[in-house]
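A.B. asks: Please read through the structure below; I'll follow up with questions.
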Protein chains: 2
Amino acid sequence: MEDKAQIQEAIKRQGEVVRKLKSEKASKDQIDEEVAKLLQLKAQIGGDDGKHQFVLKTAKGTRDYNPKQMAIREKVFSTIIGCFKRHGAETIDTPVFELKETLTGKYGEDSKLIYDLKDQGGELLSLRYDLTVPFARYLAMNKITNIKRYHIAKVYRRDNPAMTRGRYREFYQCDFDIAGQYDAMIPDAECLKIVHEILSGLDLGDFRIKVNDRRILDGMFAVCGVPDDKFRTICSTVDKLDKMPWEDVRKEMVNEKGLSEEAADQIGEYVSLQGGMDLAERLLQDQKMSQSKQACAGLSDIKLLFSYLQLFQATDKVVFDLSLARGLDYYTGIIYEAVLTQAGVATVSTEAQNGAEESVSVGSVAGGGRYDGLVGMFDPKGRKVPCVGVSIGIERIFSIMEQKAEAAAEKVRTTEVQVMVASAQKNLLEERLQLVSELWNAGIKAEVMYKKNPKLLSQLQHCEESGIPLVAILGEQELKDGVVKLRVVASREEVDISRAALIDEIRRRTSC
Amino acid sequence: MEDKAQIQEAIKRQGEVVRKLKSEKASKDQIDEEVAKLLQLKAQIGGDDGKHQFVLKTAKGTRDYNPKQMAIREKVFSTIIGCFKRHGAETIDTPVFELKETLTGKYGEDSKLIYDLKDQGGELLSLRYDLTVPFARYLAMNKITNIKRYHIAKVYRRDNPAMTRGRYREFYQCDFDIAGQYDAMIPDAECLKIVHEILSGLDLGDFRIKVNDRRILDGMFAVCGVPDDKFRTICSTVDKLDKMPWEDVRKEMVNEKGLSEEAADQIGEYVSLQGGMDLAERLLQDQKMSQSKQACAGLSDIKLLFSYLQLFQATDKVVFDLSLARGLDYYTGIIYEAVLTQAGVATVSTEAQNGAEESVSVGSVAGGGRYDGLVGMFDPKGRKVPCVGVSIGIERIFSIMEQKAEAAAEKVRTTEVQVMVASAQKNLLEERLQLVSELWNAGIKAEVMYKKNPKLLSQLQHCEESGIPLVAILGEQELKDGVVKLRVVASREEVDISRAALIDEIRRRTSC
């Protein structure tokens with residue numbers, strides 16, 4: 001534990017920080033953050049007035065899941081895991097933190113969002129930013145050259161949270177990846193098939209899967225006259241097209257990134273294009289684009305991809321979209337992103353509606369791509385393991401499902417209890433405990449109230465509230481007769497069952 | 001990303017740290033740690049020789065789970081979750097980090113083991129140390145006065161790892177807690193019943209559940225003449241009795257904690273006592289012990305607990321043991337800890353055997369107790385919510401299960417694939433993709449090789465290796481006849497099935 005004097009010293013210093021910011025008229029956000037830190041420090045030693053004052057909250061950008069939210073979460077996970085298993089994936093797990101250097105140089109401009117751990121002696125550590133880099137580290141460390149795996153776990157980003165839209169600083173990723181040297185576009189097509197299956201299975205309304213290829217983007221940048229060393233940063237800017245209009249993106253390219261207006265305008269023409277296999281064919285004939293070998297390789301693969309997606313009956317939702325960029329540094333080939341397109345769903349999750357009625361996208365609910373170089377970055381000899389994968393943006397899906405459940409006023413059960421062991425009379429605690437224990441031993445999900453003499457009404461009320469279908473009622477008479485009164489909560493029907501037949505009867509009545 | 005000059009500056013500083021430690025002849029461990037840090041820094045900018053050198057490892061005290069370990073982990077979780085659900089528990093989740101102050105003052109001397117996050121602007125955060133304090137924070141924050149919940153998640157301790165014994169810095173806890181104002185010892189007894197069910201269900205060999213009460217310990221300390229302000233620290237020392245002999249514990253009490261020899265010896269007599277309900281009765285009559293009101297309250301509750309455990313048929317494994325202390329500050333009543341007692345299991349997991357043949361305990365595999373004051377520490381008005389709970393030490397259980405699986409040379413399947421779609425001939429990729437897609441759409445778990453023209457042998461080998469029971473083989477003739485050749489991997493039996501009947505046939509053959 002920290003020394004009180006140390007904390008008081010820290011409070012003094014922090015007070016000065018706050019005063020300085022105020023005198024400098026710093027932004028409200030910045031001041032608020034530093035004030036919050038000051039209050040936290042004060043709370044540690046009992047605050048100004050000597051009383052212990054807690055800030056009773058979770059960390060910024062994080063949230064608890066209550067039992068209802070957990071019930072929804074488990075349902076969503078089970079759909080997703082079901083799909084991953086249907087496609088034959090194994091699962092692995094990695095630690096929540098990695099050596100800091102493991103994450104260094106993998107995320108481009110987003111690296112600033114990585115959470116570091118305090119240096120308390122020992123290694124320098126950071127919280128994982130995604131599941132892809134740990135996966136690549138795992139493959140290199142264990143010299144695995146092919147695997148199909150899924151990994152569901154939380155990742156961490158010091159981003160600006162927008163919790164109503166399902167954007168958090170701690171959030172789940174559900175990743176499916178295929179590593180190995182295979183023939184072109186076959187595993188890539190399976191990843192898209194999986195997105196198609198999951199989004200259809202979750203019944204979230206209509207969706208679209210945008211597809212592009214890093215090589216097409218790079219080729220496009222080259223033929224539009226973007227200097228080589230600006231490819232990545234211009235790519236990050238293109239990636240913002242789903243959040244801001246082309247004019248603003250263009251401005252960023254020209255004013256901030258120093259691109260020529262002419263190059264920007266040429267990019268602007270390409271990134272407005274959308275289509276299917278036909279667009280890939282057309283661009284292969286495009287005078288400018290066809291000059292780039294890279295772009296042509298990407299375009300041919302897009303064609304091949306669409307031919308496999310036809311066999312998978314998945315082309316209805318897939319669109320080749322040249323504006324799709326995806327910010328992460330590690331992609332080398334195909335990239336994709338799925339968005340929900342239904343207005344009904346979108347209204348739920350947009351922060352500011354501005355009275356607009358048109359269909360707006362709620363942002364990406366899945367994304368991924370090919371990253372053939374990442375594992376090689378970890379291998380001492382640079383041996384490459386080609387990978388392609390997809391990550392399901394589960395938090396946004398949770399938000400939508402929760403709001404749907406709320407809107408439908410569905411009653412979500414949070415336990416699976418089949419029977420409540422109850423009593424109408426006093427002094428039957430021991431008999432109740434004995435019976436509930438018998439039921440547990442037989443694998444029946446059962447509850448008993450933790451009171452010596454609970455009222456029958458409160459026992460029945462508990463059943464109504466938590467959806468328990470049956471009550472096993474004990475009384476002097478029942479004990480004498482060797483029976484239990486079994487009550488169906490919904491119909492209030494009651495029937496005496498012999499103790500010997502009770503377990504089978506409960507199983508029979510709760511099996512479906 | 002950090003600036004190169006900054007890193008170089010850090011390397012210089014770190015180099016000085018290492019040189020200083022070496023000149024001061026610091027411990028090898030300490031030097032190694034700082035050297036590792038130096039190497040990490042060097043790796044960040046490409047190391048001494050300009051080449052990028054990675055330390056390819058997970059953080060100290062953490063590990064990856066490979067697919068086999070995950071299969072075992074999922075089996076263990078399913079037993080444990082099954083038990084929690086049988087007892088009617090809901091589940092919640094909380095963030096992996098909490099405000100630093102939330103954890104402050106909850107763990108006594110163990111607080112030094114808490115991982116802090118780096119101050120990158122914003123709140124001061126720490127990784128959770130257990131699931132109990134976040135649970136209490138959750139209850140207070142949401143004003144929940146009664147709930148029965150389980151929570152399975154990873155927690156973090158900067159402890160000395162002993163990975164072969166299943167002691168990690170990142171490890172799972174599986175917690176079950178009952179919060180609410182209830183009649184004495186009823187929820188407490190259910191927690192012990194749950195430990196009994198889980199340890200029996202996991203089939204880990206014989207076990208014992210030690211029980212004691214904080215009030216008995218405090219009463220004992222009082223009647224033995226321990227000053228009030230030394231209760232907690234002496235309690236921490238008693239807690240070490242499972243790891244070191246009484247002589248060493250006594251030495252720590254007298255030499256380090258300044259306790260009188262007389263008081264220590266009196267404590268020594270009590271903490272050697274073990275028994276059942278009879279021991280509680282005997283101590284209620286004990287001249288010295290009976291002087292403490294607190295101790296008497298605790299002893300009466302132990303009696304009541306045993307009477308409930310009799311109804312639960314769980315007394316066979318439970319022993320009242322006055323040496324059980326448990327270090328955490330927040331316990332206020334009954335405490336318990338389960339240990340495995342079978343030598344066969346223990347040998348697997350003791351680091352140094354010393355040639356000893358006798359039965360040694362592998363340490364705690366479950367523990368918990370009553371903590372009636374913790375929620376009140378978070379409530380602005382100090383409102384108390386009595387709680388009792390248990391935490392299953394799952395990592396040790398994993399270690400044992402893994403080593404058992406290895407010893408038995410069991411083949412653990414890591415996927416659930418039912419059928420492989422294969423071909424003996426070339427140029428049938430499209431037909432294979434179409435068929436596998438049909439199977440996926442019908443909910444069949446199916447795989448296909450990501451090659452245009454894979455060899456039949458390699459397709460069959462993959463089935464053997466990963467335990468896939470069926471192969472659906474396509475050839476020109478089969479396509480012409482509208483059939484698929486279904487091959488049973490184990491028996492090599494092959495039979496033609498019409499395309500229309502294929503899905504039902506696969507379901508039928510893999511349903512059990």
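So you can find residues: chains in the structure tokens are A, B, ... in the order shown, residues in each start at 1, and ligands are numbered from 1 in order.
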Excluding same-chain residues fewer than 6 positions from Ala10 (chain A), what lies within 10 Å of it counting only C-alpha atoms, as a PyMOL selection string?

C.D. replies: chain A and resi 4+16+38+41-42

A.B. asks: Counting only C-alpha atoms, collect the residues of chain B whose closest atom lies at most 6 Å from chain A, and write them out as JSON, numbers by chain.

C.D. replies: {"B": [1, 33, 37, 44, 56, 59, 64, 65, 66, 67, 86, 87, 88, 90, 91, 92, 93, 94, 98, 99, 101, 111, 116, 117, 118, 122, 123, 141, 182, 183, 186, 311, 312, 414, 415, 417, 434, 437, 445, 446, 450, 451]}

A.B. asks: When you look at region 334-342 of chain A with a cut-off of 8 Å (counting only C-alpha atoms), what residues show up, excluding the ones that are within fewer than 3 positions of it in the same chain? I need them as a ChimeraX atom specification.

C.D. replies: /A:188,195,204-215,298,302,324-326,331,345-346,359-370

A.B. asks: Region 231-236 of chain A: which residues within 7 Å, counting only C-alpha atoms, same-chain residues fewer than 2 positions away excluded, as a PyMOL selection string?

C.D. replies: chain A and resi 218+221+226-229+238-240+253+325+327

A.B. asks: Can you write just those residues out, all heavy atoms, as a PDB file, in the first residue's frame?

C.D. replies:
ATOM      1  N   ASP A 218      -3.134  -0.001 -52.891  1.00  0.00           N
ATOM      2  CA  ASP A 218      -1.760   0.442 -53.138  1.00  0.00           C
ATOM      3  C   ASP A 218      -1.541   0.739 -54.616  1.00  0.00           C
ATOM      4  O   ASP A 218      -0.916   1.740 -54.977  1.00  0.00           O
ATOM      5  CB  ASP A 218      -0.757  -0.616 -52.652  1.00  0.00           C
ATOM      6  CG  ASP A 218      -0.621  -0.616 -51.137  1.00  0.00           C
ATOM      7  OD1 ASP A 218      -1.171   0.305 -50.487  1.00  0.00           O
ATOM      8  OD2 ASP A 218       0.031  -1.528 -50.587  1.00  0.00           O
ATOM      9  N   PHE A 221      -3.189   3.974 -55.366  1.00  0.00           N
ATOM     10  CA  PHE A 221      -2.392   5.107 -54.884  1.00  0.00           C
ATOM     11  C   PHE A 221      -1.226   5.366 -55.850  1.00  0.00           C
ATOM     12  O   PHE A 221      -0.925   6.510 -56.173  1.00  0.00           O
ATOM     13  CB  PHE A 221      -1.845   4.832 -53.475  1.00  0.00           C
ATOM     14  CG  PHE A 221      -2.920   4.777 -52.416  1.00  0.00           C
ATOM     15  CD1 PHE A 221      -2.817   3.921 -51.330  1.00  0.00           C
ATOM     16  CD2 PHE A 221      -4.048   5.599 -52.503  1.00  0.00           C
ATOM     17  CE1 PHE A 221      -3.806   3.865 -50.355  1.00  0.00           C
ATOM     18  CE2 PHE A 221      -5.044   5.553 -51.526  1.00  0.00           C
ATOM     19  CZ  PHE A 221      -4.920   4.684 -50.462  1.00  0.00           C
ATOM     20  N   VAL A 226       0.391   8.997 -55.686  1.00  0.00           N
ATOM     21  CA  VAL A 226       0.732   9.164 -54.265  1.00  0.00           C
ATOM     22  C   VAL A 226       2.165   8.674 -54.071  1.00  0.00           C
ATOM     23  O   VAL A 226       2.495   7.575 -54.518  1.00  0.00           O
ATOM     24  CB  VAL A 226      -0.227   8.337 -53.373  1.00  0.00           C
ATOM     25  CG1 VAL A 226       0.159   8.467 -51.902  1.00  0.00           C
ATOM     26  CG2 VAL A 226      -1.674   8.760 -53.607  1.00  0.00           C
ATOM     27  N   PRO A 227       3.032   9.462 -53.420  1.00  0.00           N
ATOM     28  CA  PRO A 227       4.400   8.988 -53.185  1.00  0.00           C
ATOM     29  C   PRO A 227       4.392   7.731 -52.304  1.00  0.00           C
ATOM     30  O   PRO A 227       3.557   7.613 -51.408  1.00  0.00           O
ATOM     31  CB  PRO A 227       5.064  10.152 -52.425  1.00  0.00           C
ATOM     32  CG  PRO A 227       4.149  11.325 -52.575  1.00  0.00           C
ATOM     33  CD  PRO A 227       2.788  10.802 -52.863  1.00  0.00           C
ATOM     34  N   ASP A 228       5.339   6.820 -52.558  1.00  0.00           N
ATOM     35  CA  ASP A 228       5.412   5.538 -51.849  1.00  0.00           C
ATOM     36  C   ASP A 228       5.293   5.682 -50.328  1.00  0.00           C
ATOM     37  O   ASP A 228       4.569   4.943 -49.679  1.00  0.00           O
ATOM     38  CB  ASP A 228       6.755   4.846 -52.151  1.00  0.00           C
ATOM     39  CG  ASP A 228       6.715   4.150 -53.506  1.00  0.00           C
ATOM     40  OD1 ASP A 228       5.770   4.442 -54.276  1.00  0.00           O
ATOM     41  OD2 ASP A 228       7.617   3.342 -53.777  1.00  0.00           O
ATOM     42  N   ASP A 229       6.026   6.658 -49.779  1.00  0.00           N
ATOM     43  CA  ASP A 229       6.075   6.768 -48.315  1.00  0.00           C
ATOM     44  C   ASP A 229       4.790   7.339 -47.742  1.00  0.00           C
ATOM     45  O   ASP A 229       4.655   7.481 -46.539  1.00  0.00           O
ATOM     46  CB  ASP A 229       7.290   7.608 -47.891  1.00  0.00           C
ATOM     47  CG  ASP A 229       7.206   9.031 -48.442  1.00  0.00           C
ATOM     48  OD1 ASP A 229       6.385   9.267 -49.356  1.00  0.00           O
ATOM     49  OD2 ASP A 229       7.945   9.887 -47.942  1.00  0.00           O
ATOM     50  N   VAL A 238      -8.289   7.431 -46.156  1.00  0.00           N
ATOM     51  CA  VAL A 238      -9.379   6.822 -46.932  1.00  0.00           C
ATOM     52  C   VAL A 238     -10.299   6.031 -46.000  1.00  0.00           C
ATOM     53  O   VAL A 238     -11.520   6.031 -46.155  1.00  0.00           O
ATOM     54  CB  VAL A 238      -8.812   5.896 -48.037  1.00  0.00           C
ATOM     55  CG1 VAL A 238      -9.926   5.058 -48.678  1.00  0.00           C
ATOM     56  CG2 VAL A 238      -8.107   6.717 -49.112  1.00  0.00           C
ATOM     57  N   ASP A 239      -9.688   5.392 -44.965  1.00  0.00           N
ATOM     58  CA  ASP A 239     -10.443   4.580 -44.017  1.00  0.00           C
ATOM     59  C   ASP A 239     -11.526   5.380 -43.295  1.00  0.00           C
ATOM     60  O   ASP A 239     -12.475   4.818 -42.768  1.00  0.00           O
ATOM     61  CB  ASP A 239      -9.460   3.982 -43.001  1.00  0.00           C
ATOM     62  CG  ASP A 239     -10.108   2.905 -42.147  1.00  0.00           C
ATOM     63  OD1 ASP A 239     -10.960   2.174 -42.684  1.00  0.00           O
ATOM     64  OD2 ASP A 239      -9.787   2.808 -40.955  1.00  0.00           O
ATOM     65  N   LYS A 240     -11.392   6.699 -43.294  1.00  0.00           N
ATOM     66  CA  LYS A 240     -12.367   7.529 -42.574  1.00  0.00           C
ATOM     67  C   LYS A 240     -13.607   7.831 -43.412  1.00  0.00           C
ATOM     68  O   LYS A 240     -14.520   8.505 -42.945  1.00  0.00           O
ATOM     69  CB  LYS A 240     -11.705   8.835 -42.125  1.00  0.00           C
ATOM     70  CG  LYS A 240     -10.593   8.595 -41.107  1.00  0.00           C
ATOM     71  CD  LYS A 240      -9.868   9.869 -40.704  1.00  0.00           C
ATOM     72  CE  LYS A 240      -8.732   9.526 -39.722  1.00  0.00           C
ATOM     73  NZ  LYS A 240      -7.822  10.668 -39.543  1.00  0.00           N
ATOM     74  N   MET A 253      -6.316  14.848 -46.796  1.00  0.00           N
ATOM     75  CA  MET A 253      -5.236  14.379 -47.676  1.00  0.00           C
ATOM     76  C   MET A 253      -4.375  15.541 -48.142  1.00  0.00           C
ATOM     77  O   MET A 253      -3.150  15.468 -48.114  1.00  0.00           O
ATOM     78  CB  MET A 253      -5.829  13.692 -48.912  1.00  0.00           C
ATOM     79  CG  MET A 253      -6.390  12.317 -48.637  1.00  0.00           C
ATOM     80  SD  MET A 253      -7.028  11.632 -50.182  1.00  0.00           S
ATOM     81  CE  MET A 253      -7.573  10.031 -49.619  1.00  0.00           C
ATOM     82  N   ALA A 325     -10.911   0.767 -46.730  1.00  0.00           N
ATOM     83  CA  ALA A 325      -9.452   0.776 -46.536  1.00  0.00           C
ATOM     84  C   ALA A 325      -9.011  -0.023 -45.306  1.00  0.00           C
ATOM     85  O   ALA A 325      -8.094  -0.809 -45.370  1.00  0.00           O
ATOM     86  CB  ALA A 325      -8.958   2.208 -46.427  1.00  0.00           C
ATOM     87  N   GLY A 327      -7.788   0.582 -41.318  1.00  0.00           N
ATOM     88  CA  GLY A 327      -6.590   1.295 -40.888  1.00  0.00           C
ATOM     89  C   GLY A 327      -5.374   0.453 -40.553  1.00  0.00           C
ATOM     90  O   GLY A 327      -4.250   0.906 -40.670  1.00  0.00           O
TER      91      GLY A 327
END

A.B. asks: Per DSSP on the backbone, filter region 21-96 of chain A down to the residues in strand (DSSP E or B) and report them as a PyMOL selection string.

C.D. replies: chain A and resi 65+90-91+93

A.B. asks: Please produce an output containing N, CA, C and O atoms for each residue in the selection, written as a PDB file, in the first residue's frame.

C.D. replies:
ATOM      1  N   TYR A  65     -21.623  -6.178 -16.945  1.00  0.00           N
ATOM      2  CA  TYR A  65     -22.748  -6.881 -17.560  1.00  0.00           C
ATOM      3  C   TYR A  65     -23.623  -7.401 -16.431  1.00  0.00           C
ATOM      4  O   TYR A  65     -23.149  -8.166 -15.598  1.00  0.00           O
ATOM      5  N   GLU A  90     -10.635 -24.882 -34.138  1.00  0.00           N
ATOM      6  CA  GLU A  90     -10.206 -25.113 -32.764  1.00  0.00           C
ATOM      7  C   GLU A  90     -10.214 -23.765 -32.053  1.00  0.00           C
ATOM      8  O   GLU A  90     -10.361 -22.727 -32.678  1.00  0.00           O
ATOM      9  N   THR A  91      -9.978 -23.770 -30.744  1.00  0.00           N
ATOM     10  CA  THR A  91      -9.878 -22.486 -30.049  1.00  0.00           C
ATOM     11  C   THR A  91      -8.596 -22.434 -29.223  1.00  0.00           C
ATOM     12  O   THR A  91      -8.080 -23.477 -28.810  1.00  0.00           O
ATOM     13  N   ASP A  93      -6.298 -19.635 -26.302  1.00  0.00           N
ATOM     14  CA  ASP A  93      -6.389 -18.414 -25.499  1.00  0.00           C
ATOM     15  C   ASP A  93      -4.982 -17.890 -25.255  1.00  0.00           C
ATOM     16  O   ASP A  93      -4.027 -18.666 -25.190  1.00  0.00           O
TER      17      ASP A  93
END

A.B. asks: Quick one, how far is CA of Asp203 (chain B) from CA of Ile400 (chain B)?

C.D. replies: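 Distance reported for this atom pair: 10.6 Å.
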
A.B. asks: Name the closest residue to Ala189 (chain B) among the candidates B:Gln459, B:Asn427, B:Thr315, B:Thr145; distances are taken between atoms, counting only C-alpha atoms.

C.D. replies: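 Closest to Ala189 (chain B) of all the choices is B:Thr315.
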
A.B. asks: Set the distance at 8 Å and use only C-alpha atoms: which residues neighbour region 283-289 of chain B once local chain neighbours fewer than 5 positions away are removed? I'd like the list as a PyMOL selection string.

C.D. replies: chain B and resi 219-220+223+295-296+299-300

A.B. asks: Which of region 227-291 of chain A counts as alpha helix (DSSP H) under DSSP, as a ChimeraX atom specification please?

C.D. replies: /A:231-238,246-251,261-270,277-285

A.B. asks: Given only C-alpha atoms as the basis, pick out the residue of A:Leu460, A:Thr79, A:Cys387, A:Lys411 nearest to Ile198 (chain A).

C.D. replies: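 Nearest to Ile198 (chain A): A:Thr79.
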
A.B. asks: Nearest to Ser290 (chain A) among A:Arg396, A:Ile216, A:Ala153, A:Asp496, with distances taken over only C-alpha atoms: which residue is it?

C.D. replies: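 Nearest candidate to Ser290 (chain A) out of A:Arg396, A:Ile216, A:Ala153, A:Asp496: A:Ile216.
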